[in-house]
Each structure stands twice: as C-alpha cells, then as structure tokens.
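Participant: Dropping the structure in here first, questions after.
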Amino acid sequence: MTPSLYLWLLPLFPLAGFAINGILGRRLPKAAVSAVALLFPAAAFVQVLWIVARAHQGLALPYLERFATPWIAVTGFHANFSFLLDQLTLVMLLVVTGVGLVIHLYSVGYMAAEDGYWRFFSYMNLFLFFMLTLVLAANFLLMFVGWEGVGLVSYLLIGFYYTKDSAANAGKKAFIVNRIGDFGFLLAMFLLIAHFGTLSFREVFANISAHPDLQGGFLTAIALLLLLGATGKSAQIPLYVWLPDAMEGPTPVSALIHAATMVTAGVYMLARAHVLFGRSPLALAIVAIIGAATAFFAATIGVLQTDIKRVLAYSTISQLGYMFLACGVAAYSMGIFHLVTHAFFKALLFLAAGSVIHALGGEQDMRKMGGLRKKLPVTFWTMTAAVFAISGLFPFAGFFSKDAILAATFETPGEKILWAVGLVTAGLTSFYMFRLWYMTFFGSPRYDESSAGHGEHGPHGVHESPWAMLLPLVILGILSLAGGWIGWPAALGGHDWIAHFLDPVFTSASNAQLVVPSAADFRLERILAGVSMLVALFGWWLADLMYRRKPQLADSAEQKTRPLYTPIWNKYWVDEMYGAVIVRPILALSRNLLGRGVETGIIDGANTAMTATASGASSGIRRMQSGNIRSYAGWLAAGAAAVLIVALYLSHSF
Amino acid sequence: MNEPMTPSMIAFSPALRILPEILMTLTGVLVMLVEAVLKPRTSRKPLGIVAILGTLAAIAASVYQLFLPAGTAFFGTVQSDAFSVFFHLVIGCIVLVTLLISLDYFEGHTSFVGEYYALILFGATGMMLMTCSVELLMVFISLEISSISTYILAGYRKRSATSPEASIKYFLLGSFATAFFLYGIALCFGATGSTNLYEIAKGVADGASPLLLTVAFGMMLIGLGFKVSLAPFHVWTPDVYEGAPAPVVGLMSTAPKAAAFAVLLRIAYGAFGTAIHIWMPLVWIMAVLSMTIGNLGALTQRNVKRMLAYSSIAHAGYLLVAFTALAPMGIAAASFYTAAYAAMNVGAFGIISYLSGYNEARTSLSDFAGIARRHPVAAAAFAVFLISLIGIPFTAGFFGKFYVFTAAINSGNAWLAVLGLLNSGVAAFYYLRLLAQMYMVPVEPPREADTAHARPAFILAMAILVLAVFALGIFPGRILDLARAGAATFSGPANAASQTVPVALLRR
C-alpha cells in the first residue's frame with residue numbers, strides 16, 4: 001500500500017486563496033491581498049516539491065488517489081472523483097505551480113496601481129485551482145471540469161478591463177471560439193462512454209491496449225474530436241483566432257494563461273490520450289500537419305506585427321504548433337519537453353515585455369520604442385536570454401527542445417516536408433524575435449520621454465521596474481538558459497534525461513525510440529542540430545541587417561514584396577473570412593429568424609402568457625393564505641376529503 | 001412476535017436499540033433541572049453547551065448502533081438498522097447545528113432559555129424515535145413528543161405578536177392533522193388486527209379488506225403530509241415560518257420533516273410495499289401539487305422567510321417524487337435528499353437569524369439589498385445555500401435532485417422528472433432574485449442587527465453546513481452508500497436481522 005500524497009490538498013490551496021480574496025478582498029489592505037495571493041500558490045508549489053522528493057525516493061508511479069467512488073453513478077456509466085499522478089503529471093505540476101508562483105510574484109509589482117487588485121488575484125488563484133484540477137484529473141470528465149474552468153477564468157481575465165470594449169469583446173471571442181472546441185471534446189466523451197462505458201484514462205487505455213485489433217474507425221473519430229478540442233484551447237488552425245485578441249488582458253495573464261500553462265492544455269491532452277492517437281495514424285498525421293502549418297503560418301504573421309504583445313501572441317501560436325508537430329510524429333516526450341522550455345522563455349518574454357510596457361507608461365507599439373537597452377538593463381539582459389532561447393541558439397533552452405522535435409520529425413518516415421516547414425519556421429522565429437529585440441532595445445529612442453511614465457503605470461520617466469517584477473525575470477532568465485539542459489541529447493554527449501523520465505508514460509507509443517541509437521544516428525542528429533543552428537543564426541543576421549545596420553532596407557523590402565506583404569500584414573484576412581462565412585450568416589439568421597420570428601413571436605408570446613398564468617396562479621395561492629385559522633382548517637379538511645376520495649377511487653383496483 | 005433470534009442478539013440489552021434517545025432524554029432532563037436552580041438573570045449558555053454535548057453523545061451512540069446487527073427490541077416496537085441510523089445522524093446533526101446557532105440568538109432577550117434547549121432535546125428524542133419505530137402506536141407517541149415541542153418552540157419570540165400566533169395556528173392545525181393519522185392507525189388495526197408494520201405488511205399482501213386499508217393509508221398520508229407540508233396540507237407553513245424564530249424554523253423545516261418522511265417511507269414501502277400501485281397515484285398527485293404550489297407561491301413573495309417557506313413546500317414535493325420509484329432506489333434517493341435539504345435549509349435560516357437578529361430587523365427582499373458589501377462572509381455562505389437550493393452542480397442540492405429524478409426516470413416516471421425539472425427552473429428565479437438583491441443592489445443604511453458580530457459558535461455552525469453542502473455535492477459517495485444500506489434493510493425483519501452490519505462503510 002502506497003502512502004498518501006494528499007493530492008486533494010493541492011488544488012485546494014489556490015481555491016482557498018480565491019475564496020479569501022474573492023470574498024474579503026475588497027476590504028483587505030493591499031498587502032494582505034498580496035500575501036494571500038502569494039502564500040497559497042507557494043504552499044501548492046512546496047507540496048509539489050515534496051511530491052517530487054517522494055517520487056525521487058522511489059514512490060511507485062503512476063499513483064492514483066480516489067475521493068468519491070462513485071462521484072457520479074447512473075445506470076450504465078459511472079465516474080470517480082480521482083486524481084492521477086504519473087511522470088507526465090509531475091512535469092506539468094512543476095510547470096504550473098512553479099511558473100505560476102513566479103508570475104504571481106511579478107503581478108504584485110505589475111498590478112500595484114490597478115483598480116480591482118483583489119479581483120485580479122482572486123481570479124489568478126482560481127485559475128491555478130482549475131489548471132491543477134485539469135492536470136491531476138484521472139478521467140476525461142474531471143479533466144473537462146478543469147478545462148472549462150480555465151476557459152472561464154481566461155474569459156474573466158481577458159476582459160479584466162471590462163469597461164474597455166475591445167477587452168470585453170476579446171473575452172467573448174475567446175470564450176465562443178473555445179466553445180466550438182469544447183463541443184468536440186464533449187462529443188468525444190460521449191463516444192467514449194458509448195464504446196467503453198467509462199471515461200477513466202486507465203480503463204479506456206487498458207481497454208484499447210487489450211484489443212490490438214482496434215484500429216482507426218471510431219477511434220479516429222474520437223481522436224479527431226479530441227483534436228478539435230485541443231485546437232481550440234491551444235490556439236491552432238482553425239481555431240487560433242482568439243489568442244491574438246486575448247492580449248487585451250493584463251500582461252501577467254498573457255504570460256501565465258495565454259503562454260505558459262492554459263494554452264498548453266491541448267498538448268497535454270494529446271499526450272495524455274496518446275494510446276488512443278497511437279491507434280489512428282490518420283489522426284496523428286492530421287495533428288502533425290496542423291502543427292506544422294500553424295507553426296509556419298503564425299510565424300509569418302508574427303514577422304510584420306508591430307504590437308509587442310501581438311508578436312509574442314503569434315509566436316506562442318507558432319511554438320504550440322511545434323508541440324503539436326511533436327505529438328503528431330508520436331514524439332510526445334519531445335512535445336512535453338518543448339512545453340516546459342516554452343513555459344520558461346515565453347513567460348519571460350511576456351513578463352519582460354510587460355516590464356517595457358510598464359516603463360513606457362502603457363505603450364505597446366514597437367515603432368515607438370527603441371534604445372531601451374541602457375534604461376532597462378535587467379529587463380534587457382533577461383529578455384535577451386529569452387530571445388536566444390526561443391530562437392533556438394545553443395545552449396539556451398529552446399535549442400534543445402526545438403531541435404529534438406525537428407530531429408524526431410526528420411527521422412519519421414515520409415515527414416521530410418514537415419521537417420522542412422519546421423526548419424523554415426525556426427528561421428522565421430529567429431528573424432521576428434530579433435526584430436523585436438532590435439526594435440525595442442536598440443537604435444534611437446522613438447518614444448516620447450515626457451508622456452512615457454506618466455500613464456497608468458510608473459510615476460517618473462522611463463525607469464526600471466521594482467524588484468518584485470525583476471526577480472521573476474531573473475529566475476525565468478536562468479531557466480531560459482539552463483532549463484533545456486534536462487533534455488541534453490545523447491548525440492551531444494548528454495543523457496536525454498527528460499525523455500527517459502517520461503518513457504514510462506509513453507512506452508507503448510515510443511517503442512520505436514527505445515531502439516538503441518547507432519553512431520550513424522548520432523551523426524545525423526548532430527548534422528541536423530548544426531543545420532537548425534545555422535538557420536537560426538541566419539534569421540538573426542537578417543534581422544540585424546534590416547533593423548540595425550540598414551533600417552531603410554526594411555522599407556524597401558516592403559515595397560518590393562508588396563503581393564506577399566499585403567496578405568501577411570492583414571493576417572491573411574482570416575478574421576474577415578470567418579466574419580463573412582460564419583459570423584455574419586449566423587447573426588443574420590439569429591436576428592431575423594430567431595430574433596424576430598422565434599423570440600418575439602413564440603418565446604416572448606409564450607413568456608407573457610406564462611408570466612400572466614404564473615402570477616395569476618401565484619396570487620391565487622396567496623389568496624388561500626388568508627391568515628384566518630378557520631379557513632386554514634377548511635382547506636385542510638377539503639384536502640383530506642380530496643385525498644380520501646382519490647383513495648377510495650383507487651381502492652377499486654386493489 | 002416472530003423475532004428471529006440469533007445468538008448475538010441475546011448478548012446485549014434492548015436498551016442499546018434506543019441508546020441515542022435515552023441519552024437525549026437524560027440530557028434534556030438534566031437541562032430542565034439545572035434551569036430551575038439557576039438565577040433568573042444569569043446567562044443560559046452553559047445549558048446550551050450541555051445540550052450540545054448530549055447531542056454529540058447521541059450522534060456517537062447512533063454511529064455505535066451501526067455495529068449492532070440490525071434487529072427489533074421492546075416487543076418488536078423499535079428497530080435499529082442502517083435506515084434508522086441514517087436518519088438519527090441527519091436529525092442529530094440538524095439539532096447540533098441548531099443549538100450552535102441558538103447559543104447566542106436569545107442572549108439578552110428572553111429568560112428561561114434553558115427550557116428552549118430542553119424542548120429541542122425532547123423534540124429530537126421524539127423525531128429519532130419516529131425513525132426507528134416499527135409499531136404505529138409507537139410512531140404516534142413519538143410524533144406527538146416531537147410535535148408538542150415544536151409547537152412551543154414556534155412561539156419562542158415571546159414578546160412579539162406573530163410568534164405566539166404562529167404557535168397557536170401550528171398547534172390547532174397540527175392537532176387536527178394528527179387526528180387523521182390516529183384514525184388511520186385505528187383503521188389499520190381494524191383491517192389487519194395489528195399495529196405492527198410487519199403484521200400490516202402481511203395483511204396487505206394477503207389482500208385483507210382493501211377498502212379499509214386504502215382509506216387507512218390515505219389517512220396516515222394526510223397526517224404525515226401535514227407534518228412535511230405537502231400540498232394540499234401546506235397552508236399553515238408560510239404563516240408559521242414567518243412568525244417563528246429563524247433558528248427554530250431552520251430546525252422545524254428539516255428535522256421533523258426528515259423524521260416524518262422516514263415514517264412515511266417505512267409505512268409506504270415497509271407496510272404497504274405490495275400495494276405500491278394503489279398509493280403511487282396519490283403520491284404523484286401530491287408531489288406535482290406541492291412542487292407547483294410551492295414554487296408558484298414563492299414567486300411573488302417579498303418576505304424572505306415566507307418565500308423560503310414556499311420553497312420548503314416545493315422541496316417536499318421533489319422529495320416525494322422519489323417515492324414514485326421502486327423500493328431500494330427510491331428509498332435511497334429520498335433519504336439522501338433529506339440530508340442534502342437539511343444542510344442547505346438550516347444554513348439559509350441560520351444566516352437569516354444572524355442577519356435579522358432576534359428582532360427580525362430584515363424581513364422583506366429589499367432589506368437584504370447590498371448585504372454582500374456589509375457582510376461579505378455571511379453573504380457568501382448564504383449564496384452557497386441558495387445555489388444549493390437551486391440545485392447547481394457541486395452542491396448538495398444538485399445531487400439530491402439528481403438522484404431523485406434519476407430514480408423517477410429509471411422507474412418509468414420520466415414525465416414526473418420533467419415536471420420536477422421545469423419546477424426547478426421556475427424556482428431558480430426567486431432564489432436568484434434574492435442573490436441579486438444581495439450582490440447587485442447598492443448598500444442600504446446600516447441596521448440595528450448590523451452591530452452584532454458573528455460569534456464563534458455561529459461561525460462553527462455555518463462552517464459545518466457550508467462544508468456539508470460541498471461535501472454532499474462533490475463526494476456524495478459515502479453518504480449515499482449509507483442511504484443505500486438503509487434502503488436495503490426494508491422488506492421485513494428477517495432481512496433486517498440477517499443483513500450484514502455495514503461497518504465496512506465506516507472503515508472505507
């Protein structure tokens with residue numbers, strides 16, 4: 001019998017933080033709100049560390065903790081309320097609580113001057129609660145609870161500045177687009193219930209493993225529906241449109257929810273359901289194609305964006321595409337590895353960008369930045385670490401994970417095209433990230449010193465951020481450098497630790513990878529690593545040329561490539577397309593048929609009739625209530641008589 | 001009496017079968033005696049604490065009874081089994097929480113509060129005895145013990161006009177209804193020659209005097225229907241709930257109802273189980289009437305206590321839906337619902353008693369405007385109870401309704417479940433209206449009661465209830481297992497005695 005890990009406690013910590021700040025926050029002093037907001041995630045993080053220590057001491061994984069058996073029981077189906085801990089969960093827990101805690105700390109500084117400080121932190125803690133539920137869930141249903149919960153909090157936080165129309169609309173857009181994905185998730189669950197009678201990961205996957213003859217067919221249907229859910233949450237084609245708009249939320253939210261954790265839930269789900277996807281080559285191929293296409297497509301858009309947060313948003317979509325690509329070629333541990341490193345450097349990119357925005361009094365347009373290197377030294381150096389990491393420069397974190405994905409894609413038979421796409425995307429990534437770097441920190445200042453710093457944020461001029469914001473930057477900077485070393489590949493003299501750590505989870509899927517690699521394989525891997533390094537350096541060189549040495553080159557390039565430039569600048573008109581093909585017809589239909597016909601005619605009419613009936617009946621019932629005890633006794637006697645008459649009538653059929 | 005004797009049964013005293021009742025009675029007597037000795041102006045809080053300790057002992061004794069093999073005692077008049085233990089625990093917990101709420105409620109307003117505690121204890125004794133009686137005369141006696149205590153308790157805000165009025169109304173109408181119940185017992189005896197439920201069950205199965213038995217069942221249904229405020233015997237409910245002190249309403253809207261429903265379950269499934277097709281239509285007519293009348297009545301109510309009174313009529317209706325299901329499933333669903341309803345309704349009235357105080361400073365909906373700003377914690381707790389009353393997932397109310405309606409659907413009464421769900425939709429309106437008042441409407445000027453601070457006992461009581469609402473809503477498994485074990489004890493003493501003791505439930 002394994003000792004208890006008290007997993008149930010883990011999500012309750014942030015939930016307690018949410019409850020305290022949500023109920024009492026309005027009245028508590030700011031310091032107390034911050035203390036509550038930090039202490040509970042910190043407690044969760046400490047517990048995760050404790051669990052890691054226990055796992056290190058040889059705790060048997062996977063470990064299952066049940067609380068309510070059954071949680072829901074109806075004829076033919078039951079679900080337990082239970083948490084599952086395996087290596088995959090452990091990695092996710094570390095990322096969620098660790099990065100989450102750091103971003104909470106940052107927010108204490110960033111949000112200091114905001115109204116609704118307590119509201120912000122209660123939402124952030126609520127997010128951690130749902131995210132932990134999602135990650136710990138031992139069945140699809142409980143996972144769905146967390147899945148919907150993070151979606152809700154995401155909606156609340158995108159619309160945090162709810163008085164701003166664009167923020168409120170962005171929140172709605174995120175919510176509605178995600179509903180489409182959730183619909184797929186729900187249908188997938190119904191199919192699972194219909195075919196397996198359970199939603200427990202263990203039972204479903206054991207059932208699939210026990211039937212080697214199950215291939216494709218309804219499994220493909222389930223996998224594709226799950227994939228639809230994943231594309232919604234992880235902002236992949238075709239449901240990526242909400243993520244750029246989600247940047248309306250406060251920057252720490254972008255870092256935590258829309259970069260490091262929530263958007264990776266789709267990847268986590270694919271990895272969790274790898275047994276299912278393993279039986280459907282078609283679904284896997286579609287995952288890979290969607291991943292590669294999204295990675296490339298979003299990277300091209302990122303090249304021309306001028307809003308610093310939007311560049312990062314498109315790069316998030318693009319990097320998530322890499323993770324999908326990894327899952328699509330069944331290199332799940334590589335996908336999770338990239339998830340981890342991406343959490344570090346992308347959170348850092350957002351936080352550093354937030355620091356820049358903070359210093360400039362809310363300015364987000366990179367055309368109005370420049371030359372900030374000296375003014376914001378800590379921000380500059382940590383941002384540099386993140387830019388190097390995402391561009392895939394050795395030995396920064398992103399190099400290892402991205403290279404691992406590209407190598408895995410290259411080695412998968414018949415996927416050379418995807419590899420090429422991934423490689424080009426890597427070059428693009430490097431280019432637009434260094435473009436951001438140069439436009440923000442180099443060249444001559446283009447901002448207005450007098451207006452900067454007098455906005456909603458800082459008090460005087462352009463200034464470095466407070467320590468509460470810089471400390472998280474430094475921590476994440478170190479992780480952006482060294483975080484990738486957990487996956488230092490064997491080909492480069494390392495141990496590939498993360499892949500081996502995750503092997504027990506993915507054994508059935510990664511059987512192919514368990515083959516001991518030969519010297520030739522190593523040579524190939526080294527060559528591939530060299531190629532991607534060169535491509536990244538080329539991107540840097542190009543950005544250096546166009547945005548530092550010869551800035552006029554950027555404009556002339558724009559003139560020369562007009563046919564290419566226009567669609568990219570307009571983000572391929574995808575939003576407009578969706579608007580014309582989906583949104584407008586639905587609006588027209590709703591307005592005319594549902595609005596005028598059904599609503600006004602049928603529902604309102606029925607409503608009026610029902611309200612009249614209800615209030616009529618209600619006042620009738622009140623009239624029974626005369627307060628007069630004799631009339632009450634009368635009612636009682638009448639009721640008794642009625643009951644007896646019915647009883648007598650019924651007794652004939654005795 | 002054909003009590004099956006197993007060796008283990010001879011070993012212990014029959015008094016153990018009614019150990020919780022004995023403990024409650026002794027504590028009540030102790031409280032009465034000490035009350036007489038205390039000086040008139042001193043605080044009666046110590047007596048309340050004694051009562052709380054006695055209740056805890058009774059709860060512990062009920063749990064202990066789970067370890068006894070199920071069986072009857074005292075010439076087959078009482079039977080302790082998982083079913084009775086389940087209701088003992090529900091009633092015990094309600095009484096415990098009510099005592100905690102009352103501890104500071106009367107402070108400084110009324111003398112002789114000691115009697116109040118004693119009355120609650122005696123009333124609880126009656127209710128507990130109801131749930132373990134298998135002899136109709138015993139049921140009647142315990143019903144009277146519980147009712148008379150409740151009549152007095154309803155009038156405990158002595159200097160107000162409404163409270164004694166409520167008490168008198170409740171007493172007169174209650175006596176009227178009890179007469180029906182007694183008449184029903186007499187007719188049962190006439191038809192089968194016995195007042196023992198198992199003997200009656202035999203008579204019913206043999207088809208003896210169907211006319212008499214049907215009328216007898218109808219009479220008993222009238223008597224119990226009054227106690228649980230089922231339509232059309234609900235007319236007293238709004239007036240009495242409005243006049244009685246809020247902590248007492250919390251108690252009397254849950255504990256006596258739980259006991260009366262337990263009796264109704266024993267009579268309907270235990271004694272008249274083979275005639276289910278006869279009484280089923282009666283039950284569903286009353287269920288539909290109660291749900292509809294309760295919810296429609298609550299819709300236009302501006303007085304919060306009256307609104308909750310109508311809501312309690314509606315909830316009695318939902319509960320009755322479970323009776324239309326087949327034996328074990330319906331019994332388990334009904335038992336679970338009493339527990340869920342107890343947690344949320346005692347909580348709601350507890351919060352009202354805190355916010356309004358002894359002088360009932362807040363009565364109408366508009367009095368609750370802006371409470372969320374002035375009393376954020378109390379408002380949040382109230383919100384939890386109201387959300388549970390609506391039946392939103394992750395609260396006790398959701399699973400209560402879920403199991404009741406599932407039981408109805410599985411027994412082929414889908415239309416009844418549909419009616420129940422429609423009713424729940426209507427009900428959401430008036431609960432949400434109160435929630436909106438608390439959270440959306442600007443702050444009212446402070447009231448007299450607002451100066452009061454929540455005392456530790458009250459906070460403890462509310463914490464227990466909020467936890468219970470969530471525990472029943474998220475982890476209903478264990479309670480449901482006990483309810484199922486209780487349902488399994490039906491169908492005769494032989495089964496009850498041979499049934500394995502569900503101790504395993506406790507060890508899980």
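Residue numbering restarts at 1 in every chain; chains get A, B, ... in the order shown in the structure tokens, and ligands count up from 1 in that same order.
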Identify every residue of chain A that has at least one atom within 9 Å of any atom of chain B, counting only C-alpha atoms, and report the result as a ChimeraX atom specification.
Facilitator: /A:23-24,26-27,67-72,74-75,81,614-615,617-622,624-625,627,629,632-633,635-640,643-648,650-654
Participant: Can you pull out every residue within 7 Å of segment 568-583 of chain A, counting only C-alpha atoms, but drop anything in the same chain fewer than 3 positions away, and send it as a short mmCIF file (atom, residue, chain, number, x, y, z; two decimals) with C-alpha atoms, in the first residue's frame?
Facilitator:
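Saved file part_26.cif follows:
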```cif
data_model
loop_
_atom_site.label_atom_id
_atom_site.label_comp_id
_atom_site.auth_asym_id
_atom_site.auth_seq_id
_atom_site.Cartn_x
_atom_site.Cartn_y
_atom_site.Cartn_z
CA VAL A 241 -8.08 33.46 -33.91
CA THR A 300 4.81 34.62 -41.00
CA ILE A 301 2.19 36.84 -39.41
CA LEU A 304 5.10 42.01 -39.57
CA LEU A 564 3.42 38.94 -50.30
CA TYR A 565 3.39 41.72 -47.77
CA ILE A 586 -25.31 33.36 -38.02
CA LEU A 587 -26.03 36.89 -36.92
#
```
Participant: Would you list the contacts of Leu355 of chain B as a ChimeraX atom specification, taking every protein, DNA or RNA residue within 12 Å and counting only C-alpha atoms, but skipping same-chain residues closer than 2 positions in sequence?
Facilitator: /B:105,246-247,304,348-353,357-363,367-369,371-372,374-379,381-382,438,446-454,458
Participant: To one decimal place, how far is atom CA of Ala428 of chain B from atom CA of Val443 of chain B in Å?
Facilitator: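 Those two atoms sit 23.7 Å apart.
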Participant: Show which residues sit within 10 Å of segment 87-96 of chain A, as a PyMOL selection string. Count only C-alpha atoms, and ignore same-chain residues fewer than 3 positions away.
Facilitator: chain A and resi 10+41+44-46+48-49+51-52+55+61-63+83-84+99-101+128+131-132+134-137+256-257+260-262+264-265+268+271-272+333+336-337+339-341+343-344+498+501-506
Participant: Calculate how many Å separate atom CA of Gly414 of chain A from atom CA of Phe394 of chain A, rounding to one decimal.
Facilitator: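 Atom-to-atom, atom CA of Gly414 of chain A and atom CA of Phe394 of chain A are spaced 28.0 Å apart.
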Participant: Quick one: residues within 12 Å of Val36 of chain A, only C-alpha atoms, excluding same-chain residues fewer than 3 positions away - as a PyMOL selection string?
Facilitator: chain A and resi 13-22+24-25+28-33+39-43+104-105+108+118+121-122+124-125
Participant: Here is a test: counting only C-alpha atoms, which residue of A:Trp485, A:Phe185, A:Phe522, A:Phe350 is nearest to Glu411 of chain A?
Facilitator: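 Residue with the minimum atom-to-atom distance to Glu411 of chain A: A:Phe522.
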Participant: Nearest residue to Ile152 of chain B out of B:Ala118, B:Val97, B:Ala383, B:Ala205, using only C-alpha atoms?
Facilitator: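 Counting only C-alpha atoms, the residue closest to Ile152 of chain B is B:Ala118.
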Participant: Could you list, as a ChimeraX atom specification, every residue within 8 Å of Ile91 of chain B, counting only C-alpha atoms and ignoring same-chain residues fewer than 3 positions away?
Facilitator: /B:87-88,94-95,124,127-128,255,258-259
Participant: Generate the output file for the selected residues, all heavy atoms, as a PDB file, in the first residue's frame.
Facilitator:
```pdb
ATOM      1  N   PHE B  87     -31.138   8.277   9.585  1.00  0.00           N
ATOM      2  CA  PHE B  87     -31.977   9.410   9.977  1.00  0.00           C
ATOM      3  C   PHE B  87     -31.601   9.945  11.354  1.00  0.00           C
ATOM      4  O   PHE B  87     -31.713  11.144  11.607  1.00  0.00           O
ATOM      5  CB  PHE B  87     -33.461   9.036   9.900  1.00  0.00           C
ATOM      6  CG  PHE B  87     -33.973   9.071   8.499  1.00  0.00           C
ATOM      7  CD1 PHE B  87     -34.031   7.928   7.725  1.00  0.00           C
ATOM      8  CD2 PHE B  87     -34.344  10.272   7.924  1.00  0.00           C
ATOM      9  CE1 PHE B  87     -34.472   7.976   6.417  1.00  0.00           C
ATOM     10  CE2 PHE B  87     -34.781  10.329   6.616  1.00  0.00           C
ATOM     11  CZ  PHE B  87     -34.858   9.176   5.871  1.00  0.00           C
ATOM     12  N   HIS B  88     -31.144   9.069  12.249  1.00  0.00           N
ATOM     13  CA  HIS B  88     -30.631   9.550  13.530  1.00  0.00           C
ATOM     14  C   HIS B  88     -29.508  10.547  13.301  1.00  0.00           C
ATOM     15  O   HIS B  88     -29.445  11.592  13.947  1.00  0.00           O
ATOM     16  CB  HIS B  88     -30.087   8.385  14.357  1.00  0.00           C
ATOM     17  CG  HIS B  88     -31.127   7.685  15.160  1.00  0.00           C
ATOM     18  ND1 HIS B  88     -32.256   7.173  14.596  1.00  0.00           N
ATOM     19  CD2 HIS B  88     -31.210   7.415  16.490  1.00  0.00           C
ATOM     20  CE1 HIS B  88     -32.992   6.610  15.533  1.00  0.00           C
ATOM     21  NE2 HIS B  88     -32.383   6.750  16.701  1.00  0.00           N
ATOM     22  N   ILE B  94     -28.667  18.083  12.534  1.00  0.00           N
ATOM     23  CA  ILE B  94     -29.511  19.284  12.466  1.00  0.00           C
ATOM     24  C   ILE B  94     -29.634  19.909  13.850  1.00  0.00           C
ATOM     25  O   ILE B  94     -29.473  21.119  14.030  1.00  0.00           O
ATOM     26  CB  ILE B  94     -30.920  18.939  11.926  1.00  0.00           C
ATOM     27  CG1 ILE B  94     -30.838  18.442  10.489  1.00  0.00           C
ATOM     28  CG2 ILE B  94     -31.837  20.150  12.010  1.00  0.00           C
ATOM     29  CD1 ILE B  94     -32.138  17.864   9.973  1.00  0.00           C
ATOM     30  N   VAL B  95     -29.913  19.072  14.845  1.00  0.00           N
ATOM     31  CA  VAL B  95     -30.083  19.577  16.216  1.00  0.00           C
ATOM     32  C   VAL B  95     -28.797  20.222  16.702  1.00  0.00           C
ATOM     33  O   VAL B  95     -28.806  21.309  17.281  1.00  0.00           O
ATOM     34  CB  VAL B  95     -30.531  18.432  17.143  1.00  0.00           C
ATOM     35  CG1 VAL B  95     -30.444  18.851  18.593  1.00  0.00           C
ATOM     36  CG2 VAL B  95     -31.933  18.010  16.790  1.00  0.00           C
ATOM     37  N   ALA B 124     -36.172  16.362  19.616  1.00  0.00           N
ATOM     38  CA  ALA B 124     -35.272  15.498  18.850  1.00  0.00           C
ATOM     39  C   ALA B 124     -35.437  14.040  19.266  1.00  0.00           C
ATOM     40  O   ALA B 124     -35.377  13.133  18.434  1.00  0.00           O
ATOM     41  CB  ALA B 124     -33.831  15.950  19.055  1.00  0.00           C
ATOM     42  N   MET B 127     -38.356  12.784  17.420  1.00  0.00           N
ATOM     43  CA  MET B 127     -38.064  12.574  15.999  1.00  0.00           C
ATOM     44  C   MET B 127     -37.222  11.336  15.779  1.00  0.00           C
ATOM     45  O   MET B 127     -37.461  10.544  14.863  1.00  0.00           O
ATOM     46  CB  MET B 127     -37.327  13.791  15.435  1.00  0.00           C
ATOM     47  CG  MET B 127     -38.116  15.073  15.472  1.00  0.00           C
ATOM     48  SD  MET B 127     -37.013  16.479  15.222  1.00  0.00           S
ATOM     49  CE  MET B 127     -37.890  17.763  16.073  1.00  0.00           C
ATOM     50  N   MET B 128     -36.214  11.150  16.645  1.00  0.00           N
ATOM     51  CA  MET B 128     -35.353   9.979  16.495  1.00  0.00           C
ATOM     52  C   MET B 128     -36.157   8.703  16.691  1.00  0.00           C
ATOM     53  O   MET B 128     -35.993   7.723  15.963  1.00  0.00           O
ATOM     54  CB  MET B 128     -34.203  10.041  17.491  1.00  0.00           C
ATOM     55  CG  MET B 128     -33.163  11.079  17.134  1.00  0.00           C
ATOM     56  SD  MET B 128     -31.835  11.052  18.337  1.00  0.00           S
ATOM     57  CE  MET B 128     -30.601  12.038  17.497  1.00  0.00           C
ATOM     58  N   ALA B 255     -35.690  18.812  10.513  1.00  0.00           N
ATOM     59  CA  ALA B 255     -35.620  17.609  11.346  1.00  0.00           C
ATOM     60  C   ALA B 255     -36.960  16.865  11.454  1.00  0.00           C
ATOM     61  O   ALA B 255     -37.023  15.666  11.175  1.00  0.00           O
ATOM     62  CB  ALA B 255     -35.066  17.958  12.727  1.00  0.00           C
ATOM     63  N   ALA B 258     -37.642  15.274   8.192  1.00  0.00           N
ATOM     64  CA  ALA B 258     -36.844  14.080   7.939  1.00  0.00           C
ATOM     65  C   ALA B 258     -37.475  12.888   8.659  1.00  0.00           C
ATOM     66  O   ALA B 258     -37.627  11.799   8.082  1.00  0.00           O
ATOM     67  CB  ALA B 258     -35.408  14.298   8.420  1.00  0.00           C
ATOM     68  N   ALA B 259     -37.868  13.121   9.931  1.00  0.00           N
ATOM     69  CA  ALA B 259     -38.462  12.031  10.706  1.00  0.00           C
ATOM     70  C   ALA B 259     -39.773  11.575  10.075  1.00  0.00           C
ATOM     71  O   ALA B 259     -40.034  10.374   9.928  1.00  0.00           O
ATOM     72  CB  ALA B 259     -38.697  12.497  12.141  1.00  0.00           C
TER      73      ALA B 259
END
```
